[in-house]
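Asks: Contents of final_13.pdb (PDB, C-alpha atoms) are given next:
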```pdb
ATOM      1  CA  LYS A   1       0.000   0.000   0.000  1.00  0.00           C
ATOM      2  CA  ILE A   2       1.206   3.474  -0.813  1.00  0.00           C
ATOM      3  CA  ASP A   3      -0.269   6.832   0.152  1.00  0.00           C
ATOM      4  CA  ILE A   4      -0.277   9.480  -2.555  1.00  0.00           C
ATOM      5  CA  PRO A   5      -1.430  13.099  -2.273  1.00  0.00           C
ATOM      6  CA  ALA A   6      -4.689  13.917  -4.085  1.00  0.00           C
ATOM      7  CA  ILE A   7      -2.899  16.269  -6.491  1.00  0.00           C
ATOM      8  CA  GLN A   8      -0.595  13.425  -7.631  1.00  0.00           C
ATOM      9  CA  ALA A   9      -3.613  11.155  -8.096  1.00  0.00           C
ATOM     10  CA  ILE A  10      -5.243  13.803 -10.275  1.00  0.00           C
ATOM     11  CA  LEU A  11      -2.207  14.809 -12.346  1.00  0.00           C
ATOM     12  CA  GLY A  12      -0.193  11.589 -12.269  1.00  0.00           C
ATOM     13  CA  CYS A  13       3.443  11.325 -11.244  1.00  0.00           C
ATOM     14  CA  ILE A  14       6.443   9.052 -10.984  1.00  0.00           C
ATOM     15  CA  LEU A  15       7.108   7.664  -7.517  1.00  0.00           C
ATOM     16  CA  GLU A  16       9.938   5.572  -6.184  1.00  0.00           C
ATOM     17  CA  VAL A  17       8.574   2.577  -4.300  1.00  0.00           C
ATOM     18  CA  GLU A  18      10.266  -0.179  -2.328  1.00  0.00           C
ATOM     19  CA  THR A  19      10.090  -3.671  -3.787  1.00  0.00           C
ATOM     20  CA  VAL A  20      11.629  -6.944  -2.624  1.00  0.00           C
ATOM     21  CA  TYR A  21      14.430  -6.202  -5.129  1.00  0.00           C
ATOM     22  CA  GLY A  22      15.084  -2.612  -4.052  1.00  0.00           C
ATOM     23  CA  MET A  23      13.697   0.740  -5.099  1.00  0.00           C
ATOM     24  CA  LYS A  24      11.773   1.029  -8.375  1.00  0.00           C
ATOM     25  CA  LYS A  25      10.349   4.060 -10.179  1.00  0.00           C
ATOM     26  CA  VAL A  26       6.655   3.570 -10.888  1.00  0.00           C
ATOM     27  CA  ASN A  27       4.457   5.641 -13.169  1.00  0.00           C
ATOM     28  CA  ILE A  28       1.234   6.681 -11.450  1.00  0.00           C
ATOM     29  CA  PRO A  29      -1.181   7.544 -14.287  1.00  0.00           C
ATOM     30  CA  PRO A  30      -3.394  10.631 -14.087  1.00  0.00           C
ATOM     31  CA  GLY A  31      -6.837  10.081 -12.608  1.00  0.00           C
ATOM     32  CA  VAL A  32      -6.098   7.101 -10.384  1.00  0.00           C
ATOM     33  CA  GLN A  33      -8.788   6.450  -7.803  1.00  0.00           C
ATOM     34  CA  PRO A  34      -8.568   5.483  -4.132  1.00  0.00           C
ATOM     35  CA  GLY A  35      -8.250   1.726  -3.932  1.00  0.00           C
ATOM     36  CA  ASN A  36      -6.848   1.293  -7.448  1.00  0.00           C
ATOM     37  CA  VAL A  37      -4.227  -1.439  -7.702  1.00  0.00           C
ATOM     38  CA  LEU A  38      -1.244  -1.079 -10.016  1.00  0.00           C
ATOM     39  CA  ASN A  39       0.473  -4.177 -11.336  1.00  0.00           C
ATOM     40  CA  ILE A  40       4.289  -3.985 -11.388  1.00  0.00           C
ATOM     41  CA  PRO A  41       5.577  -6.905 -13.478  1.00  0.00           C
ATOM     42  CA  ASP A  42       8.667  -8.869 -12.396  1.00  0.00           C
ATOM     43  CA  MET A  43       8.893  -7.125  -9.026  1.00  0.00           C
ATOM     44  CA  GLY A  44       7.062  -9.736  -6.966  1.00  0.00           C
ATOM     45  CA  MET A  45       8.219 -12.917  -5.279  1.00  0.00           C
ATOM     46  CA  THR A  46      10.124 -15.554  -7.228  1.00  0.00           C
ATOM     47  CA  ASP A  47       8.064 -18.540  -8.365  1.00  0.00           C
ATOM     48  CA  ILE A  48       8.816 -21.444  -5.990  1.00  0.00           C
ATOM     49  CA  ASN A  49       8.780 -23.906  -8.909  1.00  0.00           C
ATOM     50  CA  ASN A  50      10.777 -21.729 -11.317  1.00  0.00           C
ATOM     51  CA  ASN A  51      13.515 -19.534  -9.805  1.00  0.00           C
ATOM     52  CA  SER A  52      13.942 -17.587 -13.047  1.00  0.00           C
ATOM     53  CA  GLN A  53      10.324 -16.385 -13.027  1.00  0.00           C
ATOM     54  CA  LYS A  54       9.275 -13.466 -10.842  1.00  0.00           C
ATOM     55  CA  GLY A  55       5.699 -12.581 -10.057  1.00  0.00           C
ATOM     56  CA  SER A  56       4.094  -9.176 -10.165  1.00  0.00           C
ATOM     57  CA  MET A  57       3.964  -6.773  -7.262  1.00  0.00           C
ATOM     58  CA  LYS A  58       0.533  -5.319  -6.549  1.00  0.00           C
ATOM     59  CA  LEU A  59       0.637  -1.683  -5.457  1.00  0.00           C
ATOM     60  CA  HIS A  60      -2.539  -0.589  -3.636  1.00  0.00           C
ATOM     61  CA  LEU A  61      -3.103   3.160  -3.859  1.00  0.00           C
ATOM     62  CA  SER A  62      -4.509   5.235  -1.048  1.00  0.00           C
ATOM     63  CA  VAL A  63      -5.286   8.843  -1.977  1.00  0.00           C
ATOM     64  CA  VAL A  64      -4.654  11.268   0.863  1.00  0.00           C
ATOM     65  CA  ILE A  65      -6.865  14.347   1.074  1.00  0.00           C
ATOM     66  CA  PRO A  66      -5.185  17.259   2.864  1.00  0.00           C
ATOM     67  CA  LYS A  67      -6.805  18.273   6.160  1.00  0.00           C
ATOM     68  CA  ASN A  68      -5.309  21.748   6.171  1.00  0.00           C
ATOM     69  CA  ILE A  69      -4.829  23.891   3.089  1.00  0.00           C
ATOM     70  CA  THR A  70      -3.627  27.435   2.587  1.00  0.00           C
ATOM     71  CA  GLU A  71      -5.932  30.235   1.519  1.00  0.00           C
ATOM     72  CA  LYS A  72      -4.308  30.208  -1.929  1.00  0.00           C
ATOM     73  CA  GLN A  73      -4.928  26.457  -2.266  1.00  0.00           C
ATOM     74  CA  ARG A  74      -8.558  26.908  -1.180  1.00  0.00           C
ATOM     75  CA  LEU A  75      -9.060  29.581  -3.840  1.00  0.00           C
ATOM     76  CA  LEU A  76      -7.495  27.365  -6.498  1.00  0.00           C
ATOM     77  CA  TYR A  77      -9.735  24.430  -5.526  1.00  0.00           C
ATOM     78  CA  GLN A  78     -12.760  26.730  -5.659  1.00  0.00           C
ATOM     79  CA  GLN A  79     -11.728  27.881  -9.126  1.00  0.00           C
ATOM     80  CA  ILE A  80     -11.430  24.262 -10.274  1.00  0.00           C
ATOM     81  CA  GLN A  81     -14.815  23.507  -8.739  1.00  0.00           C
ATOM     82  CA  SER A  82     -16.459  26.446 -10.529  1.00  0.00           C
ATOM     83  CA  ASP A  83     -14.962  25.265 -13.846  1.00  0.00           C
ATOM     84  CA  GLY A  84     -16.733  21.947 -13.307  1.00  0.00           C
ATOM     85  CA  VAL A  85     -15.214  18.555 -12.672  1.00  0.00           C
ATOM     86  CA  ASP A  86     -15.682  15.730 -15.166  1.00  0.00           C
ATOM     87  CA  THR A  87     -16.222  12.546 -13.168  1.00  0.00           C
ATOM     88  CA  SER A  88     -16.971  10.356 -16.174  1.00  0.00           C
ATOM     89  CA  ASP A  89     -14.566   7.550 -17.013  1.00  0.00           C
TER      90      ASP A  89
END
```
Just dump the structure as structure tokens.

Replies:
Amino acid sequence: KIDIPAIQAILGCILEVETVYGMKKVNIPPGVQPGNVLNIPDMGMTDINNNSQKGSMKLHLSVVIPKNITEKQRLLYQQIQSDGVDTSD
């Protein structure tokens, strides 16, 4: 599980995450939703019957909504809200 700020969930980003093989840069696509699961191929546990085959790591995303924002951030969010938010997929 990884926590990402709401702004990164909206815009997308590249995060460095810890895997069983060390750190790995992962592309977080724009518009990910809380609870989405990203599949990271070849970063999971080694297959017990085939040491050359690695499984996939599942990265569960938790979107963190800020509790405290600045006045400038509040105004920017209000501007976005007044422009309308497309929630269609």

Asks: Just the number, please: distance in Å from atom CA of A:Leu38 to atom CA of A:Val26, one decimal.

Replies: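 Rounded to one decimal, the two atoms are 9.2 Å apart.
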
Asks: Do you know which residues are at most 12 Å from A:Gln53 counting all atoms listed in the file, after dropping those on the same chain fewer than 3 positions away, and could you put them as a short mmCIF file (atom, residue, chain, number, x, y, z; two decimals) with C-alpha atoms, keeping the file's coordinate frame?

Replies:
```cif
data_model
loop_
_atom_site.label_atom_id
_atom_site.label_comp_id
_atom_site.auth_asym_id
_atom_site.auth_seq_id
_atom_site.Cartn_x
_atom_site.Cartn_y
_atom_site.Cartn_z
CA PRO A 41 5.58 -6.90 -13.48
CA ASP A 42 8.67 -8.87 -12.40
CA MET A 43 8.89 -7.12 -9.03
CA GLY A 44 7.06 -9.74 -6.97
CA MET A 45 8.22 -12.92 -5.28
CA THR A 46 10.12 -15.55 -7.23
CA ASP A 47 8.06 -18.54 -8.36
CA ILE A 48 8.82 -21.44 -5.99
CA ASN A 49 8.78 -23.91 -8.91
CA ASN A 50 10.78 -21.73 -11.32
CA SER A 56 4.09 -9.18 -10.16
#
```

Asks: Please expand the PyMOL selection byres ((chain A and resi 58) around 7) into the concrete residues it hits in this file, giving the result as a PyMOL selection string.

Replies: chain A and resi 37-40+56-57+59-60

Asks: Enumerate, as a PyMOL selection string, the protein, DNA and RNA residues whose atoms approach (-6.1, 9.9, -16.5) to within 9 Å, taking into account only C-alpha atoms and the coordinate frame of the file.

Replies: chain A and resi 9-12+29-32+89

Asks: One number please: atom CA of A:Leu76 to atom CA of A:Val17, in Å, one decimal.

Replies: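 Pair atom CA of A:Leu76 / atom CA of A:Val17 returns 29.6 Å.
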
Asks: Tell me which of A:Lys54, A:Leu75, A:Gly35, A:Gly84 sits closest to A:Tyr21, counting all atoms listed in the file.

Replies: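 Among the listed residues, the smallest separation from A:Tyr21 belongs to A:Lys54.
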
Asks: Write out as a list in words the residues lying within 12 Å of A:Ile65, counting only C-alpha atoms and excluding same-chain residues fewer than 3 positions away.

Replies: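 With the cut-off at 12 Å, the set is Asp3, Ile4, Pro5, Ala6, Ile7, Gln8, Ala9, Ile10, Pro34, Ser62, Asn68 and Ile69 of chain A.
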
Asks: Counting only C-alpha atoms, select every polymer residue within 9 Å of (7.0, 12.2, -10.4) as defined in the file's coordinates, and provide the selection as an MDAnalysis selection string.

Replies: chainID A and resid 8 12:16 25:28

Asks: What's the separation between atom CA of A:Asn51 and atom CA of A:Gly22, in Å to one decimal place?

Replies: 17.9 Å

Asks: Restricting the calculation to all atoms listed in the file, which member of A:Gln33, A:Leu61, A:Ile2, A:Gln73 is positioned closest to A:Glu18?

Replies: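 So, comparing all the options, the nearest one is A:Ile2.
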